[in-house]
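Chemist: So here's data-v2.txt, just compact mmCIF, C-alpha atoms and all ligand atoms:
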```txt
# COMPACT_ATOMS: atom_id res chain seq x y z
CA MET A 26 -200.33 59.41 -31.65
CA ILE A 27 -201.65 62.91 -32.26
CA TYR A 28 -198.91 63.44 -34.84
CA HIS A 29 -199.86 60.23 -36.69
CA LEU A 30 -203.62 60.77 -36.41
CA LEU A 31 -203.97 64.47 -37.16
CA TYR A 32 -201.05 65.53 -39.37
CA PRO A 33 -202.21 63.33 -42.32
CA LEU A 34 -205.53 65.25 -42.25
CA HIS A 35 -203.76 68.51 -43.12
CA THR A 36 -204.64 67.95 -46.78
CA THR A 37 -208.29 68.49 -45.88
CA ILE A 38 -207.93 70.67 -42.74
CA SER A 39 -204.95 72.93 -43.50
CA ALA A 40 -204.67 74.04 -39.85
CA PHE A 41 -203.45 70.51 -38.99
CA ASN A 42 -200.27 71.27 -40.88
CA VAL A 43 -199.06 72.72 -37.59
CA PHE A 44 -198.57 69.18 -36.23
CA ARG A 45 -195.65 68.79 -38.60
CA TYR A 46 -193.60 71.36 -36.70
CA ILE A 47 -191.23 70.08 -34.00
CA THR A 48 -191.43 73.42 -32.18
CA PHE A 49 -195.21 73.19 -31.88
CA ARG A 50 -195.15 69.57 -30.73
CA THR A 51 -192.34 70.29 -28.25
CA ILE A 52 -194.34 73.07 -26.60
CA TYR A 53 -197.43 70.91 -26.31
CA ALA A 54 -195.48 67.87 -25.16
CA SER A 55 -194.10 70.03 -22.33
CA LEU A 56 -197.54 71.35 -21.42
CA THR A 57 -199.11 67.87 -21.60
CA ALA A 58 -196.46 66.34 -19.32
CA PHE A 59 -196.72 69.27 -16.89
CA ILE A 60 -200.53 69.07 -16.68
CA ILE A 61 -200.53 65.28 -16.18
CA CYS A 62 -197.96 65.59 -13.38
CA PHE A 63 -199.70 68.57 -11.80
CA LEU A 64 -203.15 66.94 -11.84
CA LEU A 65 -202.06 63.44 -10.76
CA GLY A 66 -199.60 64.67 -8.11
CA PRO A 67 -201.99 65.04 -5.16
CA TRP A 68 -203.57 61.65 -5.85
CA ILE A 69 -200.17 59.91 -6.15
CA ILE A 70 -198.95 61.52 -2.90
CA LYS A 71 -202.11 60.40 -1.11
CA ARG A 72 -201.80 56.87 -2.59
CA LEU A 73 -198.15 56.54 -1.58
CA ARG A 74 -199.01 57.64 1.96
CA THR A 75 -201.84 55.07 2.13
CA LEU A 76 -199.45 52.37 0.89
CA GLN A 77 -196.86 53.62 3.42
CA VAL A 78 -194.28 54.10 0.67
CA GLY A 79 -192.34 56.47 2.93
CA GLN A 80 -188.67 57.44 2.85
CA TYR A 81 -186.38 55.73 5.35
CA ILE A 82 -183.74 58.19 6.60
CA GLN A 83 -180.21 56.90 7.29
CA GLU A 84 -179.11 57.66 10.85
CA ASP A 85 -175.67 58.82 9.67
CA GLY A 86 -177.15 61.59 7.56
CA PRO A 87 -177.46 65.27 8.48
CA GLY A 88 -179.67 65.66 11.54
CA THR A 89 -182.00 68.01 9.69
CA HIS A 90 -183.07 65.10 7.48
CA GLN A 91 -184.64 63.13 10.32
CA THR A 92 -187.78 65.26 9.99
CA LYS A 93 -188.10 63.98 6.42
CA ALA A 94 -188.71 60.39 7.51
CA GLY A 95 -191.88 58.97 5.99
CA THR A 96 -192.05 61.46 3.12
CA PRO A 97 -193.67 59.58 0.22
CA THR A 98 -191.02 58.42 -2.22
CA MET A 99 -190.95 56.67 -5.62
CA GLY A 100 -192.58 59.78 -7.05
CA GLY A 101 -190.52 59.04 -10.13
CA VAL A 102 -193.39 56.80 -11.19
CA LEU A 103 -195.45 59.98 -11.69
CA ILE A 104 -192.65 61.65 -13.66
CA LEU A 105 -192.16 58.65 -15.95
CA LEU A 106 -195.90 58.23 -16.53
CA SER A 107 -196.14 61.90 -17.58
CA ILE A 108 -193.12 61.60 -19.91
CA LEU A 109 -194.37 58.39 -21.52
CA ILE A 110 -197.92 59.61 -22.16
CA SER A 111 -196.74 62.97 -23.49
CA THR A 112 -194.06 61.44 -25.74
CA LEU A 113 -196.43 58.79 -27.12
CA LEU A 114 -198.97 61.52 -27.85
CA TRP A 115 -196.73 64.11 -29.51
CA ALA A 116 -193.61 62.41 -30.92
CA ASN A 117 -193.18 60.79 -34.32
CA LEU A 118 -193.19 57.15 -33.18
CA THR A 119 -191.51 55.92 -36.35
CA ASN A 120 -188.32 57.67 -35.17
CA PRO A 121 -185.90 55.02 -33.78
CA TYR A 122 -184.18 57.50 -31.45
CA ILE A 123 -187.43 58.02 -29.53
CA TRP A 124 -187.59 54.29 -28.77
CA ILE A 125 -183.94 54.07 -27.72
CA VAL A 126 -184.44 56.84 -25.15
CA LEU A 127 -187.72 55.24 -24.03
CA LEU A 128 -185.83 51.94 -23.58
CA ILE A 129 -183.43 53.68 -21.17
CA ILE A 130 -186.17 55.62 -19.37
CA VAL A 131 -188.32 52.54 -18.77
CA GLY A 132 -185.39 50.19 -18.15
CA TYR A 133 -183.63 52.48 -15.66
CA GLY A 134 -186.98 53.30 -14.10
CA GLY A 135 -187.46 49.57 -13.55
CA ILE A 136 -184.02 49.22 -11.92
CA GLY A 137 -184.79 52.16 -9.66
CA PHE A 138 -188.23 50.80 -8.82
CA VAL A 139 -186.74 47.47 -7.64
CA ASP A 140 -184.08 49.39 -5.67
CA ASP A 141 -186.67 51.59 -3.98
CA TYR A 142 -188.96 48.64 -3.32
CA LEU A 143 -186.17 46.63 -1.67
CA MET A 144 -185.27 49.66 0.45
CA LEU A 145 -188.87 49.87 1.60
CA ILE A 146 -189.03 46.18 2.51
CA LYS A 147 -185.65 46.17 4.28
CA LYS A 148 -186.58 49.45 6.00
CA ARG A 149 -183.05 50.61 5.27
CA ASN A 150 -181.71 53.09 2.77
CA LYS A 151 -180.04 50.12 1.06
CA GLY A 152 -181.73 48.51 -1.92
CA LEU A 153 -180.00 46.66 -4.76
CA SER A 154 -176.24 46.19 -4.35
CA ALA A 155 -174.14 48.77 -6.21
CA LYS A 156 -172.73 45.97 -8.40
CA THR A 157 -176.19 44.66 -9.40
CA LYS A 158 -177.43 48.18 -10.14
CA PHE A 159 -174.34 49.02 -12.20
CA PHE A 160 -174.51 45.72 -14.13
CA ALA A 161 -178.18 46.18 -15.04
CA GLN A 162 -177.56 49.79 -16.08
CA ALA A 163 -174.52 48.80 -18.15
CA VAL A 164 -176.42 46.05 -20.01
CA LEU A 165 -179.24 48.42 -20.98
CA ALA A 166 -176.82 51.19 -21.97
CA LEU A 167 -174.72 48.77 -24.07
CA LEU A 168 -177.93 47.65 -25.80
CA ALA A 169 -178.80 51.28 -26.54
CA GLY A 170 -175.27 51.92 -27.81
CA PHE A 171 -175.41 48.79 -29.98
CA LEU A 172 -178.76 49.84 -31.51
CA LEU A 173 -177.24 53.23 -32.34
CA TYR A 174 -174.16 51.54 -33.84
CA LEU A 175 -176.42 49.42 -36.07
CA ASN A 176 -178.20 52.55 -37.33
CA PRO A 177 -176.58 53.44 -40.69
CA ASP A 178 -177.55 57.11 -40.21
CA PHE A 179 -175.77 57.31 -36.85
CA ASP A 180 -172.24 58.70 -36.69
CA THR A 181 -169.76 57.11 -34.24
CA ARG A 182 -167.54 60.20 -34.14
CA VAL A 183 -167.27 62.06 -30.83
CA THR A 184 -167.86 65.82 -30.95
CA LEU A 185 -165.50 67.97 -28.90
CA PRO A 186 -166.73 71.37 -27.72
CA PHE A 187 -164.69 74.32 -29.14
CA PHE A 188 -162.79 72.12 -31.62
CA LYS A 189 -164.84 71.75 -34.79
CA HIS A 190 -162.07 69.95 -36.70
CA ILE A 191 -161.42 67.30 -34.04
CA SER A 192 -164.01 64.55 -33.82
CA PRO A 193 -162.40 61.13 -33.36
CA ASP A 194 -164.33 58.18 -34.81
CA LEU A 195 -164.57 55.51 -32.09
CA GLY A 196 -166.12 52.88 -34.36
CA LEU A 197 -167.21 49.84 -32.32
CA TRP A 198 -165.77 51.45 -29.17
CA TYR A 199 -168.54 54.02 -29.43
CA ILE A 200 -170.88 51.44 -27.82
CA ALA A 201 -168.72 51.36 -24.67
CA PHE A 202 -168.38 55.16 -24.73
CA ALA A 203 -172.16 55.58 -24.95
CA MET A 204 -172.56 53.17 -22.02
CA LEU A 205 -170.18 55.21 -19.86
CA VAL A 206 -172.03 58.45 -20.65
CA ILE A 207 -175.48 56.98 -19.92
CA VAL A 208 -174.53 55.05 -16.75
CA GLY A 209 -172.37 57.91 -15.46
CA THR A 210 -175.09 60.53 -15.91
CA SER A 211 -177.69 58.28 -14.33
CA ASN A 212 -175.64 57.76 -11.19
CA ALA A 213 -174.56 61.40 -10.98
CA VAL A 214 -178.21 62.52 -10.97
CA ASN A 215 -178.94 59.84 -8.38
CA LEU A 216 -176.23 61.20 -6.05
CA THR A 217 -177.49 64.76 -6.53
CA ASP A 218 -181.02 63.87 -5.47
CA GLY A 219 -180.38 64.53 -1.77
CA LEU A 220 -182.25 67.81 -1.06
CA ASP A 221 -185.77 68.99 -1.97
CA GLY A 222 -185.80 69.87 -5.68
CA LEU A 223 -182.02 69.67 -5.90
CA ALA A 224 -181.97 67.10 -8.70
CA ILE A 225 -185.17 67.91 -10.58
CA GLY A 226 -184.22 71.58 -11.01
CA PRO A 227 -180.99 70.92 -12.93
CA VAL A 228 -182.73 68.07 -14.82
CA ILE A 229 -185.29 70.60 -16.10
CA ILE A 230 -182.47 73.01 -17.03
CA ALA A 231 -180.49 70.28 -18.81
CA ALA A 232 -183.61 69.02 -20.64
CA ALA A 233 -184.39 72.56 -21.83
CA THR A 234 -180.79 72.93 -23.02
CA TYR A 235 -180.83 69.64 -24.90
CA MET A 236 -184.19 70.64 -26.36
CA ILE A 237 -182.28 73.36 -28.20
CA PHE A 238 -179.35 71.07 -29.06
CA ALA A 239 -181.68 68.39 -30.45
CA TYR A 240 -183.53 70.93 -32.56
CA VAL A 241 -180.41 72.46 -34.12
CA THR A 242 -178.73 69.06 -34.56
CA GLY A 243 -181.75 67.75 -36.46
CA HIS A 244 -182.02 70.85 -38.68
CA ILE A 245 -179.65 70.39 -41.62
CA LYS A 246 -179.29 74.11 -42.40
CA ILE A 247 -178.73 75.24 -38.81
CA ALA A 248 -176.34 72.31 -38.16
CA GLU A 249 -174.34 73.31 -41.22
CA TYR A 250 -174.28 76.96 -40.18
CA LEU A 251 -173.11 76.07 -36.65
CA GLN A 252 -170.71 73.48 -38.07
CA ILE A 253 -172.05 70.75 -35.76
CA ASN A 254 -172.94 67.16 -36.64
CA TYR A 255 -176.25 66.85 -38.44
CA VAL A 256 -178.29 63.95 -37.04
CA ALA A 257 -181.19 63.14 -39.38
CA GLY A 258 -184.24 62.67 -37.15
CA GLY A 259 -182.41 63.99 -34.09
CA GLY A 260 -184.77 66.95 -33.91
CA GLU A 261 -187.55 64.65 -32.74
CA LEU A 262 -185.72 64.34 -29.41
CA ALA A 263 -186.62 67.98 -28.75
CA ILE A 264 -190.14 66.72 -28.13
CA MET A 265 -188.81 64.18 -25.63
CA CYS A 266 -186.80 66.93 -23.93
CA GLY A 267 -189.99 68.95 -23.77
CA SER A 268 -191.76 66.05 -22.04
CA LEU A 269 -188.83 65.72 -19.60
CA ALA A 270 -188.87 69.44 -18.77
CA GLY A 271 -192.66 69.60 -18.48
CA ALA A 272 -192.87 66.53 -16.24
CA GLY A 273 -189.96 67.92 -14.21
CA LEU A 274 -191.80 71.21 -13.63
CA GLY A 275 -194.94 69.33 -12.64
CA PHE A 276 -192.98 67.19 -10.17
CA LEU A 277 -191.10 70.23 -8.81
CA TRP A 278 -194.46 71.70 -7.82
CA PHE A 279 -194.63 68.98 -5.13
CA ASN A 280 -190.91 68.32 -4.61
CA ALA A 281 -190.11 71.98 -3.85
CA TYR A 282 -188.99 72.64 -0.26
CA PRO A 283 -190.49 71.40 2.01
CA ALA A 284 -191.02 68.37 -0.27
CA GLN A 285 -194.29 66.49 -0.21
CA ILE A 286 -192.73 63.70 -2.28
CA PHE A 287 -189.31 62.38 -3.34
CA MET A 288 -188.67 60.92 -6.78
CA GLY A 289 -186.81 57.82 -5.54
CA ASP A 290 -184.25 55.91 -7.57
CA VAL A 291 -187.07 55.16 -10.02
CA GLY A 292 -186.94 58.84 -10.92
CA SER A 293 -183.29 59.80 -10.51
CA LEU A 294 -181.80 56.81 -12.36
CA SER A 295 -184.22 57.09 -15.28
CA LEU A 296 -183.98 60.88 -15.67
CA GLY A 297 -180.18 60.71 -15.60
CA GLY A 298 -180.23 57.87 -18.12
CA ALA A 299 -182.56 59.87 -20.36
CA LEU A 300 -180.25 62.90 -20.33
CA GLY A 301 -177.23 60.69 -21.04
CA SER A 302 -178.87 58.93 -23.97
CA ILE A 303 -180.17 62.20 -25.44
CA ALA A 304 -176.67 63.68 -25.16
CA VAL A 305 -175.26 60.66 -27.01
CA ILE A 306 -177.83 60.73 -29.83
CA THR A 307 -177.56 64.51 -30.36
CA LYS A 308 -173.74 64.10 -30.53
CA GLN A 309 -173.28 66.50 -27.59
CA GLU A 310 -171.87 63.85 -25.26
CA ILE A 311 -168.78 65.73 -23.99
CA LEU A 312 -170.80 68.95 -23.66
CA LEU A 313 -172.91 67.09 -21.08
CA VAL A 314 -170.00 67.62 -18.69
CA ILE A 315 -170.83 71.35 -18.85
CA VAL A 316 -174.62 71.17 -19.22
CA GLY A 317 -174.80 68.63 -16.36
CA GLY A 318 -171.85 70.24 -14.59
CA LEU A 319 -173.70 70.31 -11.29
CA PHE A 320 -174.15 66.55 -11.41
CA VAL A 321 -170.46 66.20 -12.27
CA ILE A 322 -169.47 68.41 -9.30
CA GLU A 323 -171.62 66.37 -6.93
CA ALA A 324 -170.23 63.05 -8.21
CA LEU A 325 -166.63 64.33 -8.08
CA SER A 326 -167.13 65.49 -4.50
CA VAL A 327 -167.95 61.88 -3.56
CA ILE A 328 -165.02 60.47 -5.54
CA PHE A 329 -162.56 62.90 -3.96
CA GLN A 330 -164.02 62.37 -0.47
CA VAL A 331 -163.86 58.57 -0.64
CA SER A 332 -160.38 58.56 -2.27
CA PHE A 333 -159.00 61.01 0.32
CA PHE A 334 -160.63 59.03 3.14
CA LYS A 335 -158.92 55.84 1.94
CA MET A 336 -155.54 57.50 1.27
CA THR A 337 -155.39 59.22 4.66
CA ASN A 338 -157.14 56.51 6.70
CA GLY A 339 -160.09 58.64 7.68
CA GLY A 340 -159.30 62.14 6.43
CA ARG A 341 -162.09 64.19 4.87
CA ILE A 342 -162.05 67.00 2.33
CA PHE A 343 -165.70 67.87 2.91
CA ARG A 344 -167.68 67.69 6.12
CA MET A 345 -169.83 65.19 4.18
CA ALA A 346 -170.24 64.27 0.52
CA PRO A 347 -172.02 64.84 -1.82
CA LEU A 348 -171.29 68.56 -1.74
CA HIS A 349 -174.79 69.63 -0.76
CA HIS A 350 -174.39 67.85 2.60
CA HIS A 351 -171.14 69.76 3.22
CA PHE A 352 -172.98 73.07 3.04
CA GLU A 353 -175.82 71.68 5.14
CA LEU A 354 -173.37 70.76 7.90
CA LYS A 355 -171.89 74.25 7.62
CA GLY A 356 -175.31 75.53 8.61
CA VAL A 357 -176.47 76.86 5.23
CA PRO A 358 -180.28 76.56 5.11
CA GLU A 359 -181.54 73.86 2.71
CA PRO A 360 -183.54 76.23 0.44
CA LYS A 361 -180.50 78.48 0.01
CA ILE A 362 -178.31 75.53 -1.04
CA ILE A 363 -180.94 74.33 -3.51
CA VAL A 364 -181.53 77.69 -5.22
CA ARG A 365 -177.80 78.46 -5.40
CA PHE A 366 -177.18 75.06 -7.03
CA TRP A 367 -179.95 75.86 -9.55
CA ILE A 368 -178.24 79.20 -10.32
CA ILE A 369 -174.99 77.34 -11.01
CA ALA A 370 -176.86 74.89 -13.25
CA ILE A 371 -178.40 77.76 -15.26
CA ALA A 372 -175.00 79.46 -15.66
CA LEU A 373 -173.46 76.19 -16.87
CA ALA A 374 -176.31 75.68 -19.35
CA LEU A 375 -175.70 79.17 -20.78
CA VAL A 376 -171.97 78.49 -21.11
CA SER A 377 -172.71 75.19 -22.88
CA MET A 378 -174.99 76.94 -25.39
CA SER A 379 -172.29 79.52 -26.09
CA THR A 380 -169.97 76.71 -27.24
CA LEU A 381 -172.22 76.19 -30.28
CA LYS A 382 -170.89 79.51 -31.57
CA LEU A 383 -167.40 79.24 -30.08
CA ARG A 384 -166.06 76.70 -32.56
C1 LIG B 401 -178.77 58.66 -3.50
N1 LIG B 401 -180.17 59.47 -1.79
C2 LIG B 401 -180.43 60.44 -0.74
C3 LIG B 401 -184.80 59.85 -2.11
C4 LIG B 401 -184.35 60.26 -3.48
C5 LIG B 401 -171.31 56.56 -1.85
C6 LIG B 401 -172.27 57.53 -1.23
C7 LIG B 401 -171.96 58.94 -1.64
C8 LIG B 401 -173.71 57.15 -1.63
C9 LIG B 401 -174.73 58.17 -1.17
C10 LIG B 401 -176.10 57.59 -1.36
O1 LIG B 401 -176.57 56.85 -0.57
N2 LIG B 401 -176.73 58.05 -2.42
C11 LIG B 401 -178.06 57.57 -2.74
C12 LIG B 401 -179.02 59.81 -2.59
C13 LIG B 401 -181.78 60.17 -0.10
O2 LIG B 401 -182.77 60.40 -1.14
C14 LIG B 401 -183.52 59.27 -1.53
O3 LIG B 401 -182.83 58.66 -2.63
C15 LIG B 401 -183.49 59.04 -3.84
C16 LIG B 401 -182.48 59.38 -4.90
N3 LIG B 401 -181.73 58.22 -5.23
O4 LIG B 401 -185.44 60.42 -4.37
O5 LIG B 401 -185.81 58.87 -2.20
C17 LIG B 401 -182.03 61.20 1.00
O6 LIG B 401 -181.90 62.51 0.44
C18 LIG B 401 -182.84 63.39 1.04
N4 LIG B 401 -183.71 63.96 -0.01
C19 LIG B 401 -184.36 65.15 0.26
N5 LIG B 401 -185.16 65.68 -0.69
C20 LIG B 401 -185.34 65.10 -1.92
O7 LIG B 401 -186.11 65.65 -2.77
O8 LIG B 401 -184.21 65.70 1.35
C21 LIG B 401 -183.85 63.34 -1.21
C22 LIG B 401 -184.65 63.89 -2.19
C23 LIG B 401 -183.44 61.13 1.54
C24 LIG B 401 -183.63 62.55 2.06
O9 LIG B 401 -183.00 62.65 3.33
O10 LIG B 401 -183.49 60.14 2.54
C25 LIG B 401 -179.31 60.32 0.31
O11 LIG B 401 -178.76 61.36 0.68
O12 LIG B 401 -179.04 59.18 0.67
N6 LIG B 401 -174.56 58.45 0.23
C26 LIG B 401 -174.81 59.66 0.64
O13 LIG B 401 -175.18 60.57 -0.09
C27 LIG B 401 -174.46 59.89 2.09
N7 LIG B 401 -173.12 60.40 2.07
C28 LIG B 401 -172.09 59.75 2.65
O14 LIG B 401 -172.23 58.69 3.19
N8 LIG B 401 -170.88 60.35 2.52
C29 LIG B 401 -169.66 59.75 3.06
C30 LIG B 401 -168.87 59.00 1.96
C31 LIG B 401 -169.60 57.76 1.55
C32 LIG B 401 -168.69 59.91 0.76
C33 LIG B 401 -168.76 60.85 3.57
O15 LIG B 401 -168.99 62.03 3.24
O16 LIG B 401 -167.80 60.51 4.24
C34 LIG B 401 -175.39 60.90 2.67
N9 LIG B 401 -176.75 60.42 2.54
C35 LIG B 401 -177.39 59.82 3.56
N10 LIG B 401 -176.83 59.65 4.69
N11 LIG B 401 -178.66 59.39 3.37
C36 LIG B 401 -175.02 61.16 4.07
C37 LIG B 401 -175.46 60.02 4.94
```
Can you give me the file's structure in the form of C-alpha cells?
Ligand code: 57M

Modeler:
Amino acid sequence: MIYHLLYPLHTTISAFNVFRYITFRTIYASLTAFIICFLLGPWIIKRLRTLQVGQYIQEDGPGTHQTKAGTPTMGGVLILLSILISTLLWANLTNPYIWIVLLIIVGYGGIGFVDDYLMLIKKRNKGLSAKTKFFAQAVLALLAGFLLYLNPDFDTRVTLPFFKHISPDLGLWYIAFAMLVIVGTSNAVNLTDGLDGLAIGPVIIAAATYMIFAYVTGHIKIAEYLQINYVAGGGELAIMCGSLAGAGLGFLWFNAYPAQIFMGDVGSLSLGGALGSIAVITKQEILLVIVGGLFVIEALSVIFQVSFFKMTNGGRIFRMAPLHHHFELKGVPEPKIIVRFWIIAIALALVSMSTLKLR
C-alpha cells in the first residue's frame, strides 16, 4: 500500500522516490514485520493461554518434553499476520509473484490451522491424516505451479548450481516439479519444528539468503554478470523475504528456549511452503537443498530411520528421529542442539551464496 500511495507523490516530494527502491522497502518490510510480531506477541500468548490452546505432548517423545505440555501453540497465526500486513504495506501488489507466494502462505497456514485445531480437540498430537494434509498441500502447490506456467515471463528451465550451461526445460512437467519442491520444503520444516527455535532460526537464515537471491535474480545487470536466470519482477520477492525474516525474528523472541509459544503446523507448514515457492520463482530450486540443508538432513533422518526400521523389523539408525531427538536422547542439552543446528544452517547458507560465483 505504502508503495502505491507514496511513490507516485515523488514528482512533488522528491524524497518519496526512495519508495521505488527494493532495498529500502525490504529493510522496512523486515522492521515492520518484526515490530508487529514483537508488540503483539505477549497479547497472543496471553490469549492462547486463556483459550487453552496448549500443546499436547506425545507420551512416546523424549521425557524432557513432558514439561512443555500446555505451552501455547498455533503461534504461527502471529507470524502469518505479521508477514501479511508487512507485505501488503511494502510490496508492489501488482506483481503476480507476490500473490502466488501469498496463496501458498495463506493456504498452507489454513491447512496447518485445521491440523492444529483437530489436535487440540482430540487432545492428541494427531490432527489431519497425513494423506489429507499431503493432498491439500499438493493441490495448492499444483495451482501455484500452474499459475507460474501460465505466466509468459516465467521460465520452466531448472537451474543447476555450479553448472551454468545445464538448465533442462521441464515444460509442463515444471508444474509437478514445483509442487514437489513446495510440498517437500513445507513438510521438512514441519518435521524440524521439534525444539525451541529449532525451525524458526533456519527459516530466518533461509529467508535472508533468498532475499539476496531474489534481489540479484530480479536485477537484469547483476543476473547477467552472475550468469543466472533473470526473472523480471523477481526482485519484489526480496521484500517478502524481508517480511519472513522480520516476522521470524519477532517470533523467535518468544520461541527462544525456554519457549513461551510454539508456532504449530499453521506456522511450520506455511513458512516451509513460502520458502519452497520463493525458491521456485527465483529459479534457485535445487539450491534450496543447500540453503535449507538442515531441513533436508532432518527429513532424511526420518526417511532413513523408518526405512531401516521396516527393513530390519525394528532396527534403528538413530536413537529417535528426527535427528534433533537423537542428540536429545544422547543427553545433549536442548539449547546446545538448537544453536549448533543454527550454526550448520548459517554455514550452509554461506556455501549456497558462494555457488552464485562458482559457475
Ligand atoms: C511435527 N512436531 C513436534 C509444535 C510445533 C513420521 C514422524 C517422524 C513424524 C513426527 C511428527 O510427529 N512430526 C510432527 C513435529 C511437536 O511440535 C509441535 O508441532 C508443531 C510443528 N509441526 O509448532 O506445536 C513437539 O515438538 C516440541 N517442540 C518444542 N519446541 C518448539 O518450538 O519443544 C516444538 C516446537 C512439541 C514439543 O514437544 O510437542 C514433535 O516432535 O512431534 N514424529 C516425531 O517427530 C516423533 N518421532 C518419531 O516418532 N520417530 C520414530 C519414527 C516415526 C521415525 C522413531 O525415531 O523411531 C517425535 N515427536 C514426538 N514424539 N512428539 C518423537 C515422539

Chemist: Looking at A:Ser154, A:Gln309, A:Thr89, A:Ser295, which one is nearest to Gly135 of chain A, with distances taken over only C-alpha atoms?

Modeler: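 Closest candidate: A:Ser295.
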
Chemist: List every residue of chain A that has an atom at most 7 Å from any atom of ligand LIG 401 (chain B), and for each one report the closest atom pair and its distance in Å to one decimal, counting all atoms listed in the file, with rows sorted by chain and then by increasing residue number, as a Markdown table.

Modeler:
```
| residue | atom | partner | partner_atom | distance |
| --- | --- | --- | --- | --- |
| A:Gln80 | CA | B:LIG401 | O10 | 5.8 |
| A:Tyr81 | CA | B:LIG401 | O10 | 6.0 |
| A:Ile82 | CA | B:LIG401 | O10 | 4.5 |
| A:Gln83 | CA | B:LIG401 | N11 | 4.9 |
| A:Glu84 | CA | B:LIG401 | N10 | 6.9 |
| A:Asp85 | CA | B:LIG401 | C37 | 4.9 |
| A:Gly86 | CA | B:LIG401 | N10 | 3.5 |
| A:Pro87 | CA | B:LIG401 | C36 | 6.5 |
| A:His90 | CA | B:LIG401 | O9 | 4.8 |
| A:Lys93 | CA | B:LIG401 | O9 | 6.1 |
| A:Thr98 | CA | B:LIG401 | O5 | 5.2 |
| A:Met99 | CA | B:LIG401 | O5 | 6.6 |
| A:Asn150 | CA | B:LIG401 | O12 | 7.0 |
| A:Asn215 | CA | B:LIG401 | N3 | 4.5 |
| A:Leu216 | CA | B:LIG401 | C1 | 4.4 |
| A:Thr217 | CA | B:LIG401 | C12 | 6.5 |
| A:Asp218 | CA | B:LIG401 | C16 | 4.8 |
| A:Gly219 | CA | B:LIG401 | O6 | 3.4 |
| A:Leu220 | CA | B:LIG401 | N5 | 3.6 |
| A:Asp221 | CA | B:LIG401 | O7 | 3.5 |
| A:Gly222 | CA | B:LIG401 | O7 | 5.1 |
| A:Leu223 | CA | B:LIG401 | O7 | 6.5 |
| A:Asn280 | CA | B:LIG401 | O7 | 5.8 |
| A:Ala284 | CA | B:LIG401 | O7 | 6.1 |
| A:Ile286 | CA | B:LIG401 | O7 | 6.9 |
| A:Phe287 | CA | B:LIG401 | O4 | 4.5 |
| A:Met288 | CA | B:LIG401 | O4 | 4.1 |
| A:Gly289 | CA | B:LIG401 | O4 | 3.2 |
| A:Asp290 | CA | B:LIG401 | N3 | 4.1 |
| A:Gly292 | CA | B:LIG401 | O4 | 6.9 |
| A:Ser293 | CA | B:LIG401 | C16 | 5.7 |
| A:Val327 | CA | B:LIG401 | C32 | 4.8 |
| A:Gln330 | CA | B:LIG401 | C32 | 5.4 |
| A:Val331 | CA | B:LIG401 | C32 | 5.2 |
| A:Arg341 | CA | B:LIG401 | O16 | 6.8 |
| A:Phe343 | CA | B:LIG401 | O15 | 6.7 |
| A:Arg344 | CA | B:LIG401 | O15 | 6.5 |
| A:Met345 | CA | B:LIG401 | O15 | 3.4 |
| A:Ala346 | CA | B:LIG401 | O15 | 3.7 |
| A:Pro347 | CA | B:LIG401 | O13 | 5.6 |
| A:His350 | CA | B:LIG401 | C36 | 6.9 |
```

Chemist: Return the padded bounding box of segment 87-105 of chain A as JSON: axis-aligned, built from all atoms listed in the file, 3 Å added on each side, with centre and edge lengths in Å to one decimal.

Modeler:
```
{"center_x": -186.5, "center_y": 62.3, "center_z": -2.2, "size_x": 24.0, "size_y": 17.3, "size_z": 33.5}
```

Chemist: Can you tell me, as a list in words, which residues sit within 8 Å of (-183.0, 67.1, -14.0) in the file's frame, using only C-alpha atoms?

Modeler: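 Selection result: Val214, Ala224, Ile225, Gly226, Pro227, Val228, Ile229, Ile230, Ala231, Ala232, Ala270, Gly273, Leu296 and Gly297 of chain A.
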
Chemist: Excluding Tyr46 of chain A and any residue of its chain fewer than 2 positions from it, enumerate the residues within 12 Å of it, using only C-alpha atoms, and give them as a list of chain:residue names.

Modeler: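 What passes the distance filter is A:Tyr28, A:Tyr32, A:Ala40, A:Phe41, A:Asn42, A:Val43, A:Phe44, A:Thr48, A:Phe49, A:Arg50, A:Thr51, A:Ile52, A:Tyr53, A:Trp115, A:Ala116, A:Asn117, A:Tyr240, A:His244, A:Gly260, A:Glu261, A:Ala263, A:Ile264.
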
Chemist: How many Å lie between atom CA of Phe59 of chain A and atom CA of Met236 of chain A, rounded to one decimal?

Modeler: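 Pair atom CA of Phe59 of chain A / atom CA of Met236 of chain A returns 15.8 Å.
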
Chemist: Tell me which of A:Thr57, A:Thr119, A:Ser302, A:Gln252 sits closest to Gly209 of chain A, counting all atoms listed in the file.

Modeler: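 Among the listed residues, A:Ser302 lies closest to Gly209 of chain A.
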
Chemist: Tell me which of A:Lys158, A:Gly152, A:Val376, A:Pro360 sits closest to Pro283 of chain A, counting only C-alpha atoms.

Modeler: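 Selected residue with least distance to Pro283 of chain A: A:Pro360.
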
Chemist: Would you pick out the contacts of Ala299 of chain A at 7 Å or less, using only C-alpha atoms, so that residues sharing its chain but fewer than 4 positions from it are not included, and give the list as a PyMOL selection string?

Modeler: chain A and resi 126+129-130+295+303

Chemist: What gap, in Å, lies between atom CA of Ala201 of chain A and atom CA of Ala370 of chain A?

Modeler: 27.4 Å

Chemist: Identify, on the basis of all atoms listed in the file, every residue whose closest approach to Val256 of chain A does not exceed 9 Å; exclude the query and any residue fewer than 5 positions from it along the same chain; express the result as an NGL selection string.

Modeler: :A and (178-180 or 239 or 242-245 or 248 or 306-308)

Chemist: Work out how far atom CA of Pro186 of chain A is from atom CA of Ser377 of chain A, in Å to one decimal.

Modeler: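 Taking atom CA of Ser377 of chain A and atom CA of Pro186 of chain A, their separation equals 8.6 Å.
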